[in-house]
Amino acid sequence: MTDGNEIGGGAPRPLLCVRDLRVQVATADGAKTVLDGLSFDLSPGETVALAGESGSGKSMTALAIMGLLPKPMARIVGGSIRLGEIELTELSETGYRKIRSARIAMVFQEPMTSLNPLMTVERQLCEVLLEHGVCRRSEAPKRALGLLKDVRLTEPERRLGQYPHELSGGMRQRVMIAIALACDAEVLIADEPTTALDVTVQAEILDLIRTLQDEHGTAVLMITHDMGVVAEMADRVIVLRNGRQEEAAPVRELFAAPRTDYAKSLLAAVPRLGTAPARPPVEGHSKIVDVEDLSVRFDLKGGILGRTVARVYAVEGVSFAIREGETLALVGESGCGKSTIGKALLGLVPWEGSIRVDGVQTRGRSRAAMRPVLRNIQMVFQDPGASLDSRMTVGEQVIEPMRVHGLAEGSELEDRAEWLFRRVGLSADMLARYPHEFSGGQRQRVCIARALSLSPKVIVADESVSALDVSVQAQVLELLQELQQEDGLSYLFISHDMAVVEQMADRVMVMRLGQVVEEGARDAVLRNPRHPYTQRLLAAVPVPDPTRPRPPMPDIAGVEEASPIFPVGRGPERIALHELSQGHRVALVAAVTP
């Protein structure tokens, strides 16, 4: 006799059955098929990964299953999606509302855009609980607190009263998972749940999903372009390309012997920690960037009078140099001060200390006096979509810096823009397009072209490839290396991806809570780390090999209590900020809360 969740041979009955799914999107040139004949099953406790590049149909599959396709632009034109005995393609929007969260839930890629910025965490959790009748209104706050504890969120009582913008990326993702699991859904769809998260936070989120899956028997559909995550999490893998199923296999089988050229190319593009060839240190070159005792602090206001009650020690007493033609990688978790240092170099945040760019001291210089300095140092940001103006053509945005700095006029501007586009692997006819007409990788190439427009000597690359597919990421990294070889560019390469850092860096500087904990040649830091924090970062890197489990992360005393925030008058000027105690944090919260 079989269990109700099993079929004849004792195999678990699939919770989710997708058969020959076809989705079309309306375009100016007519209907375009973006999913064509996709079929798969998902059983209790199983993790199936959908892998492939942007535009392959991964997220479109998730939206189709959840009934969230943007209508009338996109629609299901064929096939079946069954959740147990329910045919989802036949449900009305009212019917879908009863299913979402209650039986099938989704964790979206970007929690900041998924959470309501006007509602506290408690209110958003309670709304889901009450909508689906999970508990009475009087019980909802206690249940919401329990959910935050289930997802291992620190200080859950305090988090309930906070808004999304007051949480870190990892905290927001945990809240999204708590909302998704509020009704004990049978199926969880995780759409790029760890993209752009620090490696340690990513490891914690993946461990959390695995633990909750073991405890509740949840079936997980994992959507990702990170093959390391696929190797670590999946039982089976479906590789998508241009909306069609390219290959499907158990995870070990796919990694050991991929059958298709496309799957082979995806695996080949994955940067693997420990495989980069040795790089001799850059010696004998002059310092193009020289930073001494750099500190950046931000005041926090509180109370009725809005007085400064606490101070964020974002960067504290940091010194380093970058030589001509050298890449210095800056690594560490969110909040460690990486991006703040990059912004300080370009004068985008107030700072103290000394910064010299090509021998010019930038401290105390007016905006006008900084203009020639900024010609020598430019920045490529993490999100090219947010970096580009949607109302201007990309050609106008590449030309604008040259016009402002008076580098060229008239047709010379157009000629140089065309030359820049060709240098970064784009065609000249793309200059007339707008940002939304490009893929993510192409937009990042546009941003690189704009950064190169002033012929700088230094480029600050702030997580410039973190959100790109592995194959596109490999292309952009290769481009950055080619430009360095051709022009002698120097890079401050800010990243949380240690495998990418190994591929790019000559030297590595590890930061935690505004201070440098380890610095040295790339091979010395990555292959023989001395500091426990560096060891923890390296242990958190997903291993793109399902036969080699990720090693446990070393524990660091006080890691949960660490904070770069101190009450005014009580923060020493030069200390190890990670020594802040839990009691100190509690006192600080009381101090800054009106």
# chains A, B, ... in the order shown; residues from 1 in each chain; ligands from 1
call {"tool": "residues_around", "arguments": {"residues": "range 184-200 of chain A", "least_positions_apart": "4", "cutoff": "8 Å", "atoms": "only C-alpha atoms", "output": "PDB file with C-alpha atoms, in the first residue's frame"}}
result
ATOM      1  CA  LEU A  15       3.928  18.226  -6.432  1.00  0.00           C
ATOM      2  CA  LEU A  16       4.422  20.301  -9.567  1.00  0.00           C
ATOM      3  CA  PRO A  44       8.502  16.764  -2.266  1.00  0.00           C
ATOM      4  CA  SER A  59      12.414  33.803 -14.683  1.00  0.00           C
ATOM      5  CA  ALA A  62       8.703  31.145 -12.585  1.00  0.00           C
ATOM      6  CA  SER A 101       1.813  31.768  -0.490  1.00  0.00           C
ATOM      7  CA  ALA A 102      -0.618  29.130   0.745  1.00  0.00           C
ATOM      8  CA  ARG A 103       0.664  26.314  -1.499  1.00  0.00           C
ATOM      9  CA  ILE A 104       3.281  27.816  -3.779  1.00  0.00           C
ATOM     10  CA  ALA A 105       5.533  30.737  -2.863  1.00  0.00           C
ATOM     11  CA  MET A 106       8.348  32.671  -4.472  1.00  0.00           C
ATOM     12  CA  VAL A 107      11.495  34.438  -3.313  1.00  0.00           C
ATOM     13  CA  PHE A 108      12.383  37.092  -5.877  1.00  0.00           C
ATOM     14  CA  GLN A 109      15.854  38.143  -7.005  1.00  0.00           C
ATOM     15  CA  GLU A 110      15.796  41.669  -5.581  1.00  0.00           C
ATOM     16  CA  GLY A 169      20.637  42.797   1.609  1.00  0.00           C
ATOM     17  CA  GLY A 170      21.002  39.502   3.430  1.00  0.00           C
ATOM     18  CA  GLN A 173      16.370  38.231   1.668  1.00  0.00           C
ATOM     19  CA  ALA A 180       7.358  32.912   1.406  1.00  0.00           C
ATOM     20  CA  GLU A 204      24.000  31.387   5.019  1.00  0.00           C
ATOM     21  CA  ILE A 205      20.949  31.845   2.736  1.00  0.00           C
ATOM     22  CA  LEU A 206      21.640  28.568   0.918  1.00  0.00           C
ATOM     23  CA  HIS A 216       9.300  20.904   6.082  1.00  0.00           C
ATOM     24  CA  GLY A 217       9.830  18.681   3.009  1.00  0.00           C
ATOM     25  CA  THR A 218       9.449  21.715   0.759  1.00  0.00           C
ATOM     26  CA  ALA A 219      10.057  21.237  -2.962  1.00  0.00           C
ATOM     27  CA  VAL A 220      12.391  23.918  -4.323  1.00  0.00           C
ATOM     28  CA  LEU A 221      12.677  25.253  -7.864  1.00  0.00           C
ATOM     29  CA  MET A 222      16.033  27.072  -7.845  1.00  0.00           C
ATOM     30  CA  ILE A 223      16.569  29.594 -10.643  1.00  0.00           C
ATOM     31  CA  THR A 224      20.173  30.699 -11.011  1.00  0.00           C
ATOM     32  CA  HIS A 225      23.012  31.466 -13.407  1.00  0.00           C
ATOM     33  CA  GLY A 332      34.822  41.903   2.328  1.00  0.00           C
ATOM     34  CA  GLU A 333      31.161  41.709   3.291  1.00  0.00           C
ATOM     35  CA  SER A 334      28.564  44.430   2.759  1.00  0.00           C
ATOM     36  CA  SER A 466      28.453  40.523  -9.853  1.00  0.00           C
ATOM     37  CA  ALA A 467      24.995  40.434 -11.453  1.00  0.00           C
ATOM     38  CA  HIS A 496      32.737  39.806  -3.035  1.00  0.00           C
ATOM     39  CA  ASP A 497      33.433  36.995  -5.540  1.00  0.00           C
ATOM     40  CA  ARG A 536      35.762  32.491   6.500  1.00  0.00           C
ATOM     41  CA  LEU A 537      35.299  34.384   3.219  1.00  0.00           C
ATOM     42  CA  ALA A 540      31.968  30.406   1.924  1.00  0.00           C
ATOM     43  CA  VAL A 541      32.703  30.276  -1.831  1.00  0.00           C
ATOM     44  CA  PRO A 542      30.339  27.830  -3.616  1.00  0.00           C
TER      45      PRO A 542
END
call {"tool": "residues_around", "arguments": {"residues": "Ser265 in chain A", "least_positions_apart": "6", "cutoff": "10 Å", "atoms": "only C-alpha atoms", "output": "JSON, numbers by chain"}}
result
{"A": [258, 470, 471]}
call {"tool": "closest_residue", "arguments": {"among": "A:Gly95, A:Gly440, A:Pro72, A:Pro546", "to": "Ala31 in chain A", "atoms": "only C-alpha atoms"}}
result
A:Pro72
call {"tool": "select_by_dssp", "arguments": {"residues": "range 111-270 of chain A", "states": "helix (DSSP H, G or I)", "output": "ChimeraX atom specification"}}
result
/A:111-114,121-131,137-150,156-160,164-166,169-180,199-216,227-233,251-256,261-268
call {"tool": "residues_around", "arguments": {"residues": "range 393-398 of chain A", "least_positions_apart": "5", "cutoff": "12 Å", "atoms": "only C-alpha atoms", "output": "PDB file with N, CA and C atoms, in the first residue's frame"}}
result
ATOM      1  N   PRO A 384      24.521  48.558 -14.053  1.00  0.00           N
ATOM      2  CA  PRO A 384      24.568  49.453 -15.222  1.00  0.00           C
ATOM      3  C   PRO A 384      23.213  50.056 -15.545  1.00  0.00           C
ATOM      4  N   GLY A 385      22.130  49.336 -15.191  1.00  0.00           N
ATOM      5  CA  GLY A 385      20.808  49.882 -15.465  1.00  0.00           C
ATOM      6  C   GLY A 385      20.544  51.153 -14.682  1.00  0.00           C
ATOM      7  N   SER A 387      22.975  53.086 -13.544  1.00  0.00           N
ATOM      8  CA  SER A 387      24.049  54.043 -13.833  1.00  0.00           C
ATOM      9  C   SER A 387      23.783  54.854 -15.090  1.00  0.00           C
ATOM     10  N   LEU A 388      22.950  54.314 -15.975  1.00  0.00           N
ATOM     11  CA  LEU A 388      22.677  54.977 -17.247  1.00  0.00           C
ATOM     12  C   LEU A 388      21.334  55.702 -17.189  1.00  0.00           C
ATOM     13  N   ARG A 403      32.519  66.092 -23.750  1.00  0.00           N
ATOM     14  CA  ARG A 403      32.099  67.470 -24.020  1.00  0.00           C
ATOM     15  C   ARG A 403      32.322  68.345 -22.787  1.00  0.00           C
ATOM     16  N   VAL A 404      31.970  67.809 -21.595  1.00  0.00           N
ATOM     17  CA  VAL A 404      32.137  68.567 -20.350  1.00  0.00           C
ATOM     18  C   VAL A 404      33.599  68.916 -20.114  1.00  0.00           C
ATOM     19  N   LEU A 413      33.671  64.127 -31.560  1.00  0.00           N
ATOM     20  CA  LEU A 413      32.996  63.437 -30.473  1.00  0.00           C
ATOM     21  C   LEU A 413      32.351  62.146 -30.967  1.00  0.00           C
ATOM     22  N   GLU A 414      31.659  62.236 -32.107  1.00  0.00           N
ATOM     23  CA  GLU A 414      31.011  61.054 -32.671  1.00  0.00           C
ATOM     24  C   GLU A 414      32.048  60.002 -33.050  1.00  0.00           C
ATOM     25  N   ASP A 415      33.134  60.446 -33.659  1.00  0.00           N
ATOM     26  CA  ASP A 415      34.174  59.508 -34.087  1.00  0.00           C
ATOM     27  C   ASP A 415      34.783  58.785 -32.880  1.00  0.00           C
ATOM     28  N   ARG A 416      35.040  59.539 -31.812  1.00  0.00           N
ATOM     29  CA  ARG A 416      35.645  58.914 -30.640  1.00  0.00           C
ATOM     30  C   ARG A 416      34.653  57.966 -29.958  1.00  0.00           C
ATOM     31  N   ALA A 417      33.375  58.325 -29.938  1.00  0.00           N
ATOM     32  CA  ALA A 417      32.365  57.449 -29.348  1.00  0.00           C
ATOM     33  C   ALA A 417      32.284  56.128 -30.127  1.00  0.00           C
ATOM     34  N   GLU A 418      32.329  56.219 -31.448  1.00  0.00           N
ATOM     35  CA  GLU A 418      32.317  55.001 -32.268  1.00  0.00           C
ATOM     36  C   GLU A 418      33.547  54.145 -31.983  1.00  0.00           C
ATOM     37  N   TRP A 419      34.704  54.786 -31.829  1.00  0.00           N
ATOM     38  CA  TRP A 419      35.943  54.065 -31.540  1.00  0.00           C
ATOM     39  C   TRP A 419      35.868  53.391 -30.169  1.00  0.00           C
ATOM     40  N   LEU A 420      35.303  54.083 -29.191  1.00  0.00           N
ATOM     41  CA  LEU A 420      35.161  53.517 -27.860  1.00  0.00           C
ATOM     42  C   LEU A 420      34.234  52.301 -27.873  1.00  0.00           C
ATOM     43  N   PHE A 421      33.150  52.408 -28.617  1.00  0.00           N
ATOM     44  CA  PHE A 421      32.220  51.281 -28.705  1.00  0.00           C
ATOM     45  C   PHE A 421      32.899  50.068 -29.321  1.00  0.00           C
ATOM     46  N   LEU A 426      31.240  46.575 -28.939  1.00  0.00           N
ATOM     47  CA  LEU A 426      29.910  46.976 -29.410  1.00  0.00           C
ATOM     48  C   LEU A 426      30.043  47.601 -30.787  1.00  0.00           C
ATOM     49  N   SER A 427      28.985  47.559 -31.557  1.00  0.00           N
ATOM     50  CA  SER A 427      29.020  48.142 -32.899  1.00  0.00           C
ATOM     51  C   SER A 427      28.606  49.606 -32.858  1.00  0.00           C
ATOM     52  N   ALA A 428      29.112  50.386 -33.817  1.00  0.00           N
ATOM     53  CA  ALA A 428      28.851  51.826 -33.847  1.00  0.00           C
ATOM     54  C   ALA A 428      27.373  52.140 -34.034  1.00  0.00           C
ATOM     55  N   ASP A 429      26.625  51.262 -34.695  1.00  0.00           N
ATOM     56  CA  ASP A 429      25.202  51.548 -34.923  1.00  0.00           C
ATOM     57  C   ASP A 429      24.369  51.457 -33.642  1.00  0.00           C
ATOM     58  N   MET A 430      24.987  50.975 -32.559  1.00  0.00           N
ATOM     59  CA  MET A 430      24.276  50.895 -31.280  1.00  0.00           C
ATOM     60  C   MET A 430      24.257  52.222 -30.538  1.00  0.00           C
ATOM     61  N   LEU A 431      25.026  53.199 -30.979  1.00  0.00           N
ATOM     62  CA  LEU A 431      25.109  54.480 -30.279  1.00  0.00           C
ATOM     63  C   LEU A 431      23.760  55.178 -30.178  1.00  0.00           C
ATOM     64  N   ALA A 432      22.883  54.939 -31.136  1.00  0.00           N
ATOM     65  CA  ALA A 432      21.586  55.623 -31.162  1.00  0.00           C
ATOM     66  C   ALA A 432      20.529  54.921 -30.311  1.00  0.00           C
ATOM     67  N   ARG A 433      20.879  53.814 -29.683  1.00  0.00           N
ATOM     68  CA  ARG A 433      19.910  53.073 -28.879  1.00  0.00           C
ATOM     69  C   ARG A 433      19.838  53.629 -27.451  1.00  0.00           C
ATOM     70  N   TYR A 434      18.757  53.241 -26.762  1.00  0.00           N
ATOM     71  CA  TYR A 434      18.573  53.614 -25.360  1.00  0.00           C
ATOM     72  C   TYR A 434      18.954  52.422 -24.467  1.00  0.00           C
ATOM     73  N   PRO A 435      19.264  52.677 -23.188  1.00  0.00           N
ATOM     74  CA  PRO A 435      19.747  51.602 -22.312  1.00  0.00           C
ATOM     75  C   PRO A 435      18.851  50.365 -22.268  1.00  0.00           C
ATOM     76  N   HIS A 436      17.511  50.561 -22.307  1.00  0.00           N
ATOM     77  CA  HIS A 436      16.626  49.402 -22.176  1.00  0.00           C
ATOM     78  C   HIS A 436      16.697  48.465 -23.374  1.00  0.00           C
ATOM     79  N   GLU A 437      17.335  48.903 -24.456  1.00  0.00           N
ATOM     80  CA  GLU A 437      17.450  48.070 -25.652  1.00  0.00           C
ATOM     81  C   GLU A 437      18.673  47.161 -25.615  1.00  0.00           C
ATOM     82  N   PHE A 438      19.390  47.150 -24.492  1.00  0.00           N
ATOM     83  CA  PHE A 438      20.595  46.340 -24.367  1.00  0.00           C
ATOM     84  C   PHE A 438      20.420  45.286 -23.285  1.00  0.00           C
ATOM     85  N   GLN A 442      25.762  44.009 -22.158  1.00  0.00           N
ATOM     86  CA  GLN A 442      25.990  45.114 -23.101  1.00  0.00           C
ATOM     87  C   GLN A 442      25.947  46.461 -22.390  1.00  0.00           C
ATOM     88  N   ARG A 443      25.012  46.621 -21.439  1.00  0.00           N
ATOM     89  CA  ARG A 443      24.943  47.886 -20.694  1.00  0.00           C
ATOM     90  C   ARG A 443      26.226  48.114 -19.890  1.00  0.00           C
ATOM     91  N   GLN A 444      26.783  47.026 -19.340  1.00  0.00           N
ATOM     92  CA  GLN A 444      28.021  47.197 -18.592  1.00  0.00           C
ATOM     93  C   GLN A 444      29.163  47.583 -19.523  1.00  0.00           C
ATOM     94  N   ARG A 445      29.156  47.097 -20.753  1.00  0.00           N
ATOM     95  CA  ARG A 445      30.161  47.505 -21.737  1.00  0.00           C
ATOM     96  C   ARG A 445      30.007  48.986 -22.079  1.00  0.00           C
ATOM     97  N   VAL A 446      28.761  49.449 -22.138  1.00  0.00           N
ATOM     98  CA  VAL A 446      28.518  50.877 -22.370  1.00  0.00           C
ATOM     99  C   VAL A 446      29.121  51.695 -21.229  1.00  0.00           C
ATOM    100  N   CYS A 447      28.914  51.233 -19.987  1.00  0.00           N
ATOM    101  CA  CYS A 447      29.468  51.946 -18.828  1.00  0.00           C
ATOM    102  C   CYS A 447      30.996  51.957 -18.859  1.00  0.00           C
ATOM    103  N   ILE A 448      31.600  50.878 -19.321  1.00  0.00           N
ATOM    104  CA  ILE A 448      33.058  50.832 -19.444  1.00  0.00           C
ATOM    105  C   ILE A 448      33.522  51.801 -20.519  1.00  0.00           C
ATOM    106  N   ALA A 449      32.787  51.858 -21.626  1.00  0.00           N
ATOM    107  CA  ALA A 449      33.135  52.814 -22.689  1.00  0.00           C
ATOM    108  C   ALA A 449      33.059  54.246 -22.178  1.00  0.00           C
ATOM    109  N   ARG A 450      32.033  54.539 -21.381  1.00  0.00           N
ATOM    110  CA  ARG A 450      31.898  55.886 -20.823  1.00  0.00           C
ATOM    111  C   ARG A 450      33.045  56.191 -19.868  1.00  0.00           C
ATOM    112  N   ALA A 451      33.443  55.202 -19.059  1.00  0.00           N
ATOM    113  CA  ALA A 451      34.559  55.401 -18.137  1.00  0.00           C
ATOM    114  C   ALA A 451      35.860  55.631 -18.887  1.00  0.00           C
ATOM    115  N   LEU A 452      36.008  55.006 -20.062  1.00  0.00           N
ATOM    116  CA  LEU A 452      37.235  55.143 -20.852  1.00  0.00           C
ATOM    117  C   LEU A 452      37.269  56.431 -21.668  1.00  0.00           C
ATOM    118  N   SER A 453      36.135  57.110 -21.758  1.00  0.00           N
ATOM    119  CA  SER A 453      36.022  58.256 -22.674  1.00  0.00           C
ATOM    120  C   SER A 453      37.004  59.377 -22.341  1.00  0.00           C
ATOM    121  N   LEU A 454      37.416  59.481 -21.070  1.00  0.00           N
ATOM    122  CA  LEU A 454      38.333  60.545 -20.670  1.00  0.00           C
ATOM    123  C   LEU A 454      39.788  60.076 -20.596  1.00  0.00           C
TER     124      LEU A 454
END
call {"tool": "residues_around", "arguments": {"residues": "Leu21 in chain A", "least_positions_apart": "3", "cutoff": "6 Å", "atoms": "only C-alpha atoms", "output": "ChimeraX atom specification"}}
result
/A:37-38,78-79
call {"tool": "write_last_selection", "arguments": {"atoms": "N, CA and C atoms", "output": "compact mmCIF listing (two decimals), in the first residue's frame"}}
result
# COMPACT_ATOMS: atom_id res chain seq x y z
N GLY A 37 7.95 24.58 -25.19
CA GLY A 37 7.94 23.14 -24.96
C GLY A 37 8.66 22.68 -23.70
N LEU A 38 8.64 23.48 -22.65
CA LEU A 38 9.33 23.11 -21.41
C LEU A 38 8.51 22.10 -20.61
N GLY A 78 0.15 27.57 -24.60
CA GLY A 78 0.05 26.12 -24.71
C GLY A 78 0.70 25.43 -23.54
N GLY A 79 0.26 24.18 -23.30
CA GLY A 79 0.87 23.39 -22.25
C GLY A 79 0.07 23.37 -20.96
call {"tool": "residues_around", "arguments": {"residues": "Gly84 in chain A", "least_positions_apart": "2", "cutoff": "9 Å", "atoms": "only C-alpha atoms", "output": "list in words"}}
result
Arg13, Pro14, Leu15, Leu16, Cys17, Arg82, Ile86 and Glu87 of chain A
call {"tool": "write_last_selection", "arguments": {"atoms": "N, CA and C atoms", "output": "PDB file, in the first residue's frame"}}
result
ATOM      1  N   ARG A  13       4.998  11.222  -5.390  1.00  0.00           N
ATOM      2  CA  ARG A  13       4.149  11.836  -6.404  1.00  0.00           C
ATOM      3  C   ARG A  13       4.599  13.282  -6.614  1.00  0.00           C
ATOM      4  N   PRO A  14       4.832  13.725  -7.852  1.00  0.00           N
ATOM      5  CA  PRO A  14       5.273  15.105  -8.088  1.00  0.00           C
ATOM      6  C   PRO A  14       4.268  16.116  -7.533  1.00  0.00           C
ATOM      7  N   LEU A  15       4.789  17.138  -6.888  1.00  0.00           N
ATOM      8  CA  LEU A  15       3.928  18.226  -6.432  1.00  0.00           C
ATOM      9  C   LEU A  15       3.584  19.154  -7.590  1.00  0.00           C
ATOM     10  N   LEU A  16       4.578  19.369  -8.453  1.00  0.00           N
ATOM     11  CA  LEU A  16       4.422  20.301  -9.567  1.00  0.00           C
ATOM     12  C   LEU A  16       4.771  19.580 -10.861  1.00  0.00           C
ATOM     13  N   CYS A  17       3.865  19.639 -11.818  1.00  0.00           N
ATOM     14  CA  CYS A  17       4.085  19.009 -13.128  1.00  0.00           C
ATOM     15  C   CYS A  17       3.924  20.059 -14.218  1.00  0.00           C
ATOM     16  N   ARG A  82       0.439  21.842 -13.470  1.00  0.00           N
ATOM     17  CA  ARG A  82      -0.423  21.247 -12.447  1.00  0.00           C
ATOM     18  C   ARG A  82       0.269  21.288 -11.094  1.00  0.00           C
ATOM     19  N   ILE A  86      -4.598  20.536  -9.213  1.00  0.00           N
ATOM     20  CA  ILE A  86      -5.104  21.807  -9.728  1.00  0.00           C
ATOM     21  C   ILE A  86      -4.363  22.201 -10.999  1.00  0.00           C
ATOM     22  N   GLU A  87      -5.087  22.487 -12.062  1.00  0.00           N
ATOM     23  CA  GLU A  87      -4.499  22.994 -13.302  1.00  0.00           C
ATOM     24  C   GLU A  87      -4.388  24.513 -13.179  1.00  0.00           C
TER      25      GLU A  87
END
call {"tool": "residues_around", "arguments": {"residues": "Ala263 in chain A", "least_positions_apart": "6", "cutoff": "8 Å", "atoms": "only C-alpha atoms", "output": "mmCIF file with C-alpha atoms, in the first residue's frame"}}
result
data_model
loop_
_atom_site.group_PDB
_atom_site.id
_atom_site.type_symbol
_atom_site.label_atom_id
_atom_site.label_comp_id
_atom_site.auth_asym_id
_atom_site.auth_seq_id
_atom_site.Cartn_x
_atom_site.Cartn_y
_atom_site.Cartn_z
ATOM 1 C CA VAL A 239 19.592 23.920 -18.798
ATOM 2 C CA GLU A 246 18.837 22.339 -23.921
ATOM 3 C CA GLU A 247 19.677 19.555 -21.473
#
call {"tool": "select_by_dssp", "arguments": {"residues": "range 246-470 of chain A", "states": "strand (DSSP E)", "output": "PyMOL selection string"}}
result
chain A and resi 246-250+287-302+307-323+327-331+352-357+360-361+377-380+458-462
